[in-house]
Amino acid sequence: KEQVPLAIRYKNLSIAEQNSVDISWQLLMTSEYDALRACIYSSPSELRRFRQLVVNSVMATDICDKELNALRKNRWSKAFAEQVPSSDARNGKATIVIEHLIQASDVSHMMQHWHIYRKWNESFFYESMEAYEAGRTEKDPSEGWYNGEIGFFDFYVIPLAKKLDSCGVFGVSSHEYLGYAQANRDEWERRGEDIVKEYIENWKEIKQAPQEEQAVEDSTPVESFEQEPIDGDLDNV
């Protein structure tokens, strides 16, 4: 709606993700990273494979694209269906696990201690309110914040943590992340409504503070003074 050049360039599809890939890839291809590229790949086929991994991994963080999410779920089911996977199947399994690792990193605050989850959740709330009051979104985020978090835990974060736990990619820590996600979900269900009210009050104070500072500045009288007389001829000073 804002007709941002990047949105037009990427046809309103995974804008931030595609832009991130383009910028990072252009940087990687500069002469400054010749030695690093030599460590990553040594043939055109390896370069194509690496490019595919980068694109798939970054695009995995666009959880708003329902079509991509459905394809990713199907690939996960297929990759872990074979008991004795072939070489190609093992590569496919590695790829889909990497994509889920990137997804987990994108919401990692929800799989850590409660105070870490609270910190980043509150910051995101203020960011969303700022966007709403600036007219960049139509719906007041505070109205559905409580239920939205529960839904996000139930339908995205906890299922994601269970997948990582089942494949054992983090070892014993995989179960720990799942435990944190479930504990944070339960704690949010108990306290979330009061926390959202607290967020709203804090937001009002944040918005009010600049106005009060400006009012103080406007009401502060400017000190007047009389210029002291200067003795003698100014031309000789």
# chains A, B, ... in the order shown; residues from 1 in each chain; ligands from 1
$ select_by_dssp --residues "range 43-105 of chain A" --states "helix (DSSP H, G or I)" --output "VMD selection string"
chain A and resid 44 to 59 66 to 79 87 to 105
$ write_last_selection --atoms "N, CA and C atoms" --output "compact mmCIF listing (two decimals), in the first residue's frame"
# COMPACT_ATOMS: atom_id res chain seq x y z
N PRO A 44 31.34 -24.87 -9.73
CA PRO A 44 30.03 -24.26 -10.00
C PRO A 44 28.86 -25.01 -9.36
N SER A 45 28.95 -26.32 -9.31
CA SER A 45 27.85 -27.09 -8.72
C SER A 45 27.77 -26.85 -7.21
N GLU A 46 28.92 -26.75 -6.55
CA GLU A 46 28.92 -26.45 -5.12
C GLU A 46 28.42 -25.03 -4.84
N LEU A 47 28.74 -24.13 -5.75
CA LEU A 47 28.24 -22.75 -5.61
C LEU A 47 26.72 -22.73 -5.72
N ARG A 48 26.18 -23.47 -6.69
CA ARG A 48 24.72 -23.51 -6.85
C ARG A 48 24.06 -24.13 -5.62
N ARG A 49 24.68 -25.16 -5.07
CA ARG A 49 24.13 -25.81 -3.89
C ARG A 49 24.16 -24.86 -2.69
N PHE A 50 25.27 -24.14 -2.54
CA PHE A 50 25.37 -23.19 -1.44
C PHE A 50 24.34 -22.08 -1.59
N ARG A 51 24.19 -21.57 -2.80
CA ARG A 51 23.19 -20.53 -3.05
C ARG A 51 21.80 -21.03 -2.70
N GLN A 52 21.50 -22.25 -3.05
CA GLN A 52 20.19 -22.83 -2.74
C GLN A 52 19.97 -22.90 -1.24
N LEU A 53 21.00 -23.31 -0.50
CA LEU A 53 20.89 -23.39 0.95
C LEU A 53 20.64 -22.02 1.57
N VAL A 54 21.37 -21.03 1.08
CA VAL A 54 21.21 -19.66 1.62
C VAL A 54 19.80 -19.16 1.37
N VAL A 55 19.33 -19.29 0.15
CA VAL A 55 18.00 -18.79 -0.21
C VAL A 55 16.93 -19.51 0.59
N ASN A 56 16.99 -20.85 0.63
CA ASN A 56 15.98 -21.61 1.36
C ASN A 56 15.97 -21.28 2.84
N SER A 57 17.16 -21.11 3.41
CA SER A 57 17.25 -20.84 4.85
C SER A 57 16.67 -19.48 5.21
N VAL A 58 17.02 -18.46 4.44
CA VAL A 58 16.53 -17.12 4.75
C VAL A 58 15.03 -17.02 4.46
N MET A 59 14.59 -17.62 3.37
CA MET A 59 13.17 -17.57 3.03
C MET A 59 12.32 -18.32 4.06
N LYS A 66 1.89 -18.70 3.51
CA LYS A 66 1.26 -19.98 3.79
C LYS A 66 1.68 -21.06 2.80
N GLU A 67 1.87 -20.67 1.55
CA GLU A 67 2.27 -21.65 0.53
C GLU A 67 3.66 -22.22 0.83
N LEU A 68 4.60 -21.34 1.17
CA LEU A 68 5.95 -21.81 1.50
C LEU A 68 5.94 -22.67 2.75
N ASN A 69 5.12 -22.31 3.73
CA ASN A 69 5.05 -23.08 4.96
C ASN A 69 4.51 -24.49 4.70
N ALA A 70 3.51 -24.57 3.82
CA ALA A 70 2.93 -25.87 3.50
C ALA A 70 3.95 -26.76 2.78
N LEU A 71 4.69 -26.18 1.85
CA LEU A 71 5.72 -26.93 1.14
C LEU A 71 6.80 -27.41 2.10
N ARG A 72 7.15 -26.56 3.06
CA ARG A 72 8.19 -26.91 4.02
C ARG A 72 7.74 -28.05 4.93
N LYS A 73 6.49 -28.04 5.35
CA LYS A 73 5.95 -29.12 6.18
C LYS A 73 5.96 -30.44 5.42
N ASN A 74 5.60 -30.39 4.14
CA ASN A 74 5.59 -31.61 3.33
C ASN A 74 7.01 -32.15 3.16
N ARG A 75 7.98 -31.26 2.98
CA ARG A 75 9.36 -31.70 2.82
C ARG A 75 9.89 -32.32 4.10
N TRP A 76 9.49 -31.78 5.25
CA TRP A 76 9.91 -32.34 6.53
C TRP A 76 9.36 -33.76 6.67
N SER A 77 8.06 -33.93 6.40
CA SER A 77 7.43 -35.25 6.52
C SER A 77 8.09 -36.26 5.60
N LYS A 78 8.39 -35.82 4.39
CA LYS A 78 9.01 -36.72 3.41
C LYS A 78 10.44 -37.07 3.83
N ALA A 79 11.18 -36.09 4.32
CA ALA A 79 12.58 -36.31 4.67
C ALA A 79 12.73 -37.29 5.83
N SER A 87 21.39 -41.13 -0.38
CA SER A 87 22.27 -39.96 -0.29
C SER A 87 21.49 -38.68 -0.54
N ASP A 88 20.65 -38.70 -1.56
CA ASP A 88 19.84 -37.51 -1.87
C ASP A 88 18.88 -37.20 -0.73
N ALA A 89 18.32 -38.25 -0.14
CA ALA A 89 17.38 -38.04 0.97
C ALA A 89 18.10 -37.44 2.17
N ARG A 90 19.34 -37.89 2.41
CA ARG A 90 20.10 -37.32 3.53
C ARG A 90 20.39 -35.84 3.31
N ASN A 91 20.71 -35.48 2.06
CA ASN A 91 20.93 -34.07 1.75
C ASN A 91 19.66 -33.26 1.95
N GLY A 92 18.53 -33.85 1.52
CA GLY A 92 17.26 -33.16 1.70
C GLY A 92 16.91 -32.99 3.17
N LYS A 93 17.23 -34.01 3.97
CA LYS A 93 16.97 -33.94 5.41
C LYS A 93 17.83 -32.84 6.04
N ALA A 94 19.10 -32.79 5.64
CA ALA A 94 19.99 -31.76 6.19
C ALA A 94 19.49 -30.37 5.85
N THR A 95 19.02 -30.20 4.61
CA THR A 95 18.53 -28.90 4.17
C THR A 95 17.32 -28.46 4.98
N ILE A 96 16.36 -29.35 5.16
CA ILE A 96 15.14 -28.97 5.87
C ILE A 96 15.42 -28.73 7.35
N VAL A 97 16.39 -29.43 7.92
CA VAL A 97 16.76 -29.18 9.32
C VAL A 97 17.39 -27.80 9.46
N ILE A 98 18.26 -27.43 8.50
CA ILE A 98 18.88 -26.10 8.52
C ILE A 98 17.81 -25.02 8.46
N GLU A 99 16.81 -25.21 7.61
CA GLU A 99 15.73 -24.24 7.50
C GLU A 99 15.00 -24.09 8.83
N HIS A 100 14.78 -25.18 9.52
CA HIS A 100 14.08 -25.12 10.81
C HIS A 100 14.97 -24.51 11.89
N LEU A 101 16.27 -24.69 11.79
CA LEU A 101 17.18 -24.03 12.72
C LEU A 101 17.10 -22.52 12.57
N ILE A 102 17.04 -22.06 11.33
CA ILE A 102 16.92 -20.62 11.07
C ILE A 102 15.59 -20.10 11.60
N GLN A 103 14.54 -20.87 11.41
CA GLN A 103 13.23 -20.48 11.94
C GLN A 103 13.28 -20.38 13.47
N ALA A 104 13.94 -21.33 14.10
CA ALA A 104 14.04 -21.31 15.55
C ALA A 104 14.82 -20.10 16.04
N SER A 105 15.87 -19.74 15.32
CA SER A 105 16.65 -18.57 15.72
C SER A 105 15.82 -17.30 15.60
$ residues_around --residues "Tyr199 in chain A" --least-positions-apart "5" --cutoff "8 Å" --atoms "only C-alpha atoms" --output "JSON, numbers by chain"
{"A": [122, 125, 126]}
$ residues_around --residues "Ile195 in chain A" --least-positions-apart "4" --cutoff "10 Å" --atoms "only C-alpha atoms" --output "PyMOL selection string"
chain A and resi 118+122+146+188+190-191+199-201
$ write_last_selection --atoms "all heavy atoms" --output "compact mmCIF listing (two decimals), in the first residue's frame"
# COMPACT_ATOMS: atom_id res chain seq x y z
N ARG A 118 9.71 -12.11 27.83
CA ARG A 118 8.98 -10.88 28.18
C ARG A 118 9.66 -9.64 27.58
O ARG A 118 8.99 -8.74 27.06
CB ARG A 118 8.91 -10.73 29.71
CG ARG A 118 7.75 -11.42 30.38
CD ARG A 118 6.43 -10.71 30.10
NE ARG A 118 6.53 -9.27 30.29
CZ ARG A 118 6.31 -8.64 31.43
NH1 ARG A 118 6.04 -9.34 32.53
NH2 ARG A 118 6.36 -7.33 31.51
N GLU A 122 7.67 -7.44 24.78
CA GLU A 122 7.28 -6.06 25.08
C GLU A 122 7.84 -5.10 24.03
O GLU A 122 7.14 -4.19 23.57
CB GLU A 122 7.78 -5.66 26.46
CG GLU A 122 7.32 -4.28 26.91
CD GLU A 122 7.68 -3.99 28.35
OE1 GLU A 122 8.37 -4.82 28.98
OE2 GLU A 122 7.26 -2.93 28.86
N TYR A 146 -2.93 -10.74 23.45
CA TYR A 146 -2.95 -11.87 24.38
C TYR A 146 -3.24 -13.19 23.66
O TYR A 146 -2.48 -14.15 23.74
CB TYR A 146 -3.97 -11.63 25.48
CG TYR A 146 -4.22 -12.83 26.36
CD1 TYR A 146 -3.27 -13.24 27.30
CD2 TYR A 146 -5.41 -13.57 26.25
CE1 TYR A 146 -3.49 -14.36 28.10
CE2 TYR A 146 -5.63 -14.68 27.04
CZ TYR A 146 -4.67 -15.06 27.97
OH TYR A 146 -4.89 -16.17 28.76
N TRP A 188 2.26 -17.31 30.10
CA TRP A 188 1.55 -16.25 29.38
C TRP A 188 0.04 -16.42 29.51
O TRP A 188 -0.69 -15.44 29.66
CB TRP A 188 1.95 -16.23 27.91
CG TRP A 188 1.23 -15.17 27.13
CD1 TRP A 188 0.10 -15.31 26.36
CD2 TRP A 188 1.57 -13.78 27.08
NE1 TRP A 188 -0.28 -14.11 25.83
CE2 TRP A 188 0.60 -13.14 26.26
CE3 TRP A 188 2.58 -13.01 27.65
CZ2 TRP A 188 0.63 -11.78 25.99
CZ3 TRP A 188 2.61 -11.64 27.39
CH2 TRP A 188 1.63 -11.05 26.56
N ARG A 190 -1.54 -17.61 32.00
CA ARG A 190 -1.93 -17.19 33.35
C ARG A 190 -1.83 -15.68 33.54
O ARG A 190 -2.69 -15.07 34.16
CB ARG A 190 -1.04 -17.89 34.39
CG ARG A 190 -1.32 -19.36 34.58
CD ARG A 190 -0.63 -19.90 35.82
NE ARG A 190 0.83 -19.81 35.70
CZ ARG A 190 1.59 -20.78 35.20
NH1 ARG A 190 1.04 -21.89 34.76
NH2 ARG A 190 2.89 -20.63 35.13
N ARG A 191 -0.78 -15.07 33.02
CA ARG A 191 -0.49 -13.68 33.35
C ARG A 191 -0.61 -12.72 32.16
O ARG A 191 -0.52 -11.50 32.33
CB ARG A 191 0.94 -13.59 33.90
CG ARG A 191 1.18 -14.40 35.14
CD ARG A 191 2.65 -14.40 35.54
NE ARG A 191 3.19 -13.03 35.63
CZ ARG A 191 4.49 -12.76 35.74
NH1 ARG A 191 5.37 -13.73 35.78
NH2 ARG A 191 4.89 -11.50 35.82
N TYR A 199 1.55 -3.31 29.38
CA TYR A 199 2.15 -2.81 28.14
C TYR A 199 1.44 -1.53 27.68
O TYR A 199 2.09 -0.55 27.30
CB TYR A 199 2.04 -3.84 27.03
CG TYR A 199 2.95 -5.04 27.12
CD1 TYR A 199 2.80 -6.10 26.23
CD2 TYR A 199 3.95 -5.12 28.08
CE1 TYR A 199 3.63 -7.21 26.28
CE2 TYR A 199 4.78 -6.23 28.15
CZ TYR A 199 4.61 -7.27 27.24
OH TYR A 199 5.43 -8.38 27.30
N ILE A 200 0.11 -1.58 27.71
CA ILE A 200 -0.68 -0.45 27.22
C ILE A 200 -0.42 0.79 28.07
O ILE A 200 -0.25 1.90 27.53
CB ILE A 200 -2.18 -0.81 27.22
CG1 ILE A 200 -2.45 -1.91 26.18
CG2 ILE A 200 -3.03 0.42 26.92
CD1 ILE A 200 -3.87 -2.46 26.24
N GLU A 201 -0.38 0.62 29.38
CA GLU A 201 -0.11 1.77 30.26
C GLU A 201 1.31 2.30 30.04
O GLU A 201 1.52 3.52 30.01
CB GLU A 201 -0.29 1.36 31.72
CG GLU A 201 -1.74 1.08 32.11
CD GLU A 201 -2.65 2.27 31.81
OE1 GLU A 201 -2.26 3.40 32.18
OE2 GLU A 201 -3.71 2.07 31.20
$ decode --residues "range 108-122 of chain A" --atoms "all heavy atoms" --output "mmCIF file, in the first residue's frame"
data_model
loop_
_atom_site.group_PDB
_atom_site.id
_atom_site.type_symbol
_atom_site.label_atom_id
_atom_site.label_comp_id
_atom_site.auth_asym_id
_atom_site.auth_seq_id
_atom_site.Cartn_x
_atom_site.Cartn_y
_atom_site.Cartn_z
ATOM 1 N N SER A 108 13.757 -17.321 18.802
ATOM 2 C CA SER A 108 14.482 -17.978 19.895
ATOM 3 C C SER A 108 14.117 -17.419 21.264
ATOM 4 O O SER A 108 14.231 -18.133 22.279
ATOM 5 C CB SER A 108 15.988 -17.853 19.668
ATOM 6 O OG SER A 108 16.380 -16.488 19.626
ATOM 7 N N HIS A 109 13.679 -16.152 21.308
ATOM 8 C CA HIS A 109 13.321 -15.582 22.614
ATOM 9 C C HIS A 109 12.145 -16.314 23.249
ATOM 10 O O HIS A 109 11.995 -16.295 24.478
ATOM 11 C CB HIS A 109 12.973 -14.099 22.460
ATOM 12 C CG HIS A 109 11.741 -13.839 21.656
ATOM 13 N ND1 HIS A 109 11.670 -14.064 20.289
ATOM 14 C CD2 HIS A 109 10.520 -13.379 22.022
ATOM 15 C CE1 HIS A 109 10.465 -13.747 19.864
ATOM 16 N NE2 HIS A 109 9.745 -13.331 20.891
ATOM 17 N N MET A 110 11.330 -16.981 22.437
ATOM 18 C CA MET A 110 10.166 -17.679 22.965
ATOM 19 C C MET A 110 10.532 -19.054 23.508
ATOM 20 O O MET A 110 9.709 -19.721 24.135
ATOM 21 C CB MET A 110 9.094 -17.800 21.879
ATOM 22 C CG MET A 110 8.699 -16.458 21.281
ATOM 23 S SD MET A 110 7.353 -16.530 20.090
ATOM 24 C CE MET A 110 5.923 -16.620 21.171
ATOM 25 N N MET A 111 11.769 -19.486 23.253
ATOM 26 C CA MET A 111 12.249 -20.786 23.729
ATOM 27 C C MET A 111 13.332 -20.620 24.790
ATOM 28 O O MET A 111 14.131 -21.529 25.013
ATOM 29 C CB MET A 111 12.798 -21.610 22.557
ATOM 30 C CG MET A 111 11.833 -21.845 21.423
ATOM 31 S SD MET A 111 12.597 -22.823 20.118
ATOM 32 C CE MET A 111 11.376 -22.650 18.803
ATOM 33 N N GLN A 112 13.378 -19.443 25.416
ATOM 34 C CA GLN A 112 14.362 -19.185 26.456
ATOM 35 C C GLN A 112 13.645 -18.811 27.757
ATOM 36 O O GLN A 112 12.434 -18.948 27.860
ATOM 37 C CB GLN A 112 15.307 -18.077 26.003
ATOM 38 C CG GLN A 112 16.104 -18.438 24.741
ATOM 39 C CD GLN A 112 17.068 -17.362 24.328
ATOM 40 O OE1 GLN A 112 17.973 -17.008 25.079
ATOM 41 N NE2 GLN A 112 16.894 -16.817 23.132
ATOM 42 N N HIS A 113 14.435 -18.334 28.728
ATOM 43 C CA HIS A 113 13.853 -17.984 30.024
ATOM 44 C C HIS A 113 12.708 -16.980 29.875
ATOM 45 O O HIS A 113 12.686 -16.167 28.943
ATOM 46 C CB HIS A 113 14.929 -17.394 30.944
ATOM 47 C CG HIS A 113 15.933 -18.406 31.399
ATOM 48 N ND1 HIS A 113 15.695 -19.265 32.438
ATOM 49 C CD2 HIS A 113 17.182 -18.694 30.951
ATOM 50 C CE1 HIS A 113 16.753 -20.044 32.634
ATOM 51 N NE2 HIS A 113 17.672 -19.722 31.744
ATOM 52 N N TRP A 114 11.782 -17.013 30.811
ATOM 53 C CA TRP A 114 10.602 -16.152 30.794
ATOM 54 C C TRP A 114 10.959 -14.684 30.669
ATOM 55 O O TRP A 114 10.340 -13.951 29.896
ATOM 56 C CB TRP A 114 9.784 -16.405 32.057
ATOM 57 C CG TRP A 114 8.699 -15.409 32.322
ATOM 58 C CD1 TRP A 114 8.698 -14.416 33.251
ATOM 59 C CD2 TRP A 114 7.444 -15.299 31.633
ATOM 60 N NE1 TRP A 114 7.527 -13.700 33.198
ATOM 61 C CE2 TRP A 114 6.732 -14.215 32.215
ATOM 62 C CE3 TRP A 114 6.854 -15.995 30.589
ATOM 63 C CZ2 TRP A 114 5.466 -13.825 31.787
ATOM 64 C CZ3 TRP A 114 5.577 -15.613 30.159
ATOM 65 C CH2 TRP A 114 4.908 -14.542 30.750
ATOM 66 N N HIS A 115 11.973 -14.214 31.417
ATOM 67 C CA HIS A 115 12.299 -12.787 31.391
ATOM 68 C C HIS A 115 12.842 -12.371 30.031
ATOM 69 O O HIS A 115 12.662 -11.226 29.613
ATOM 70 C CB HIS A 115 13.284 -12.436 32.509
ATOM 71 C CG HIS A 115 14.664 -12.958 32.310
ATOM 72 N ND1 HIS A 115 15.035 -14.230 32.689
ATOM 73 C CD2 HIS A 115 15.770 -12.377 31.770
ATOM 74 C CE1 HIS A 115 16.319 -14.413 32.396
ATOM 75 N NE2 HIS A 115 16.786 -13.316 31.839
ATOM 76 N N ILE A 116 13.496 -13.292 29.325
ATOM 77 C CA ILE A 116 13.974 -12.969 27.967
ATOM 78 C C ILE A 116 12.791 -12.870 27.016
ATOM 79 O O ILE A 116 12.711 -11.952 26.177
ATOM 80 C CB ILE A 116 14.976 -14.033 27.487
ATOM 81 C CG1 ILE A 116 16.231 -14.001 28.354
ATOM 82 C CG2 ILE A 116 15.329 -13.818 26.014
ATOM 83 C CD1 ILE A 116 17.259 -15.060 28.016
ATOM 84 N N TYR A 117 11.884 -13.820 27.136
ATOM 85 C CA TYR A 117 10.663 -13.767 26.318
ATOM 86 C C TYR A 117 9.894 -12.469 26.558
ATOM 87 O O TYR A 117 9.483 -11.781 25.619
ATOM 88 C CB TYR A 117 9.780 -14.972 26.618
ATOM 89 C CG TYR A 117 8.353 -14.811 26.134
ATOM 90 C CD1 TYR A 117 8.075 -14.684 24.780
ATOM 91 C CD2 TYR A 117 7.293 -14.739 27.042
ATOM 92 C CE1 TYR A 117 6.760 -14.509 24.332
ATOM 93 C CE2 TYR A 117 5.999 -14.574 26.608
ATOM 94 C CZ TYR A 117 5.739 -14.456 25.254
ATOM 95 O OH TYR A 117 4.455 -14.269 24.815
ATOM 96 N N ARG A 118 9.709 -12.108 27.834
ATOM 97 C CA ARG A 118 8.985 -10.883 28.180
ATOM 98 C C ARG A 118 9.661 -9.643 27.583
ATOM 99 O O ARG A 118 8.991 -8.744 27.061
ATOM 100 C CB ARG A 118 8.910 -10.728 29.706
ATOM 101 C CG ARG A 118 7.747 -11.416 30.379
ATOM 102 C CD ARG A 118 6.426 -10.710 30.104
ATOM 103 N NE ARG A 118 6.527 -9.271 30.290
ATOM 104 C CZ ARG A 118 6.313 -8.644 31.435
ATOM 105 N NH1 ARG A 118 6.036 -9.338 32.528
ATOM 106 N NH2 ARG A 118 6.361 -7.331 31.511
ATOM 107 N N LYS A 119 10.966 -9.576 27.681
ATOM 108 C CA LYS A 119 11.715 -8.415 27.201
ATOM 109 C C LYS A 119 11.446 -8.161 25.722
ATOM 110 O O LYS A 119 11.100 -7.047 25.308
ATOM 111 C CB LYS A 119 13.211 -8.624 27.429
ATOM 112 C CG LYS A 119 14.086 -7.561 26.795
ATOM 113 C CD LYS A 119 15.563 -7.889 26.959
ATOM 114 C CE LYS A 119 16.429 -6.868 26.217
ATOM 115 N NZ LYS A 119 17.876 -7.184 26.351
ATOM 116 N N TRP A 120 11.586 -9.203 24.903
ATOM 117 C CA TRP A 120 11.455 -9.022 23.455
ATOM 118 C C TRP A 120 10.000 -8.940 23.020
ATOM 119 O O TRP A 120 9.679 -8.283 22.030
ATOM 120 C CB TRP A 120 12.193 -10.145 22.727
ATOM 121 C CG TRP A 120 13.666 -10.033 22.934
ATOM 122 C CD1 TRP A 120 14.461 -10.808 23.731
ATOM 123 C CD2 TRP A 120 14.532 -9.037 22.361
ATOM 124 N NE1 TRP A 120 15.755 -10.374 23.685
ATOM 125 C CE2 TRP A 120 15.827 -9.292 22.859
ATOM 126 C CE3 TRP A 120 14.336 -7.972 21.480
ATOM 127 C CZ2 TRP A 120 16.921 -8.506 22.502
ATOM 128 C CZ3 TRP A 120 15.419 -7.194 21.131
ATOM 129 C CH2 TRP A 120 16.702 -7.460 21.641
ATOM 130 N N ASN A 121 9.121 -9.587 23.776
ATOM 131 C CA ASN A 121 7.701 -9.473 23.470
ATOM 132 C C ASN A 121 7.218 -8.048 23.696
ATOM 133 O O ASN A 121 6.458 -7.491 22.888
ATOM 134 C CB ASN A 121 6.905 -10.450 24.339
ATOM 135 C CG ASN A 121 5.423 -10.400 24.071
ATOM 136 O OD1 ASN A 121 4.660 -9.783 24.822
ATOM 137 N ND2 ASN A 121 4.990 -11.039 23.007
ATOM 138 N N GLU A 122 7.668 -7.440 24.780
ATOM 139 C CA GLU A 122 7.282 -6.062 25.084
ATOM 140 C C GLU A 122 7.839 -5.098 24.029
ATOM 141 O O GLU A 122 7.143 -4.188 23.566
ATOM 142 C CB GLU A 122 7.780 -5.664 26.464
ATOM 143 C CG GLU A 122 7.323 -4.284 26.913
ATOM 144 C CD GLU A 122 7.679 -3.990 28.351
ATOM 145 O OE1 GLU A 122 8.368 -4.824 28.981
ATOM 146 O OE2 GLU A 122 7.256 -2.928 28.861
#
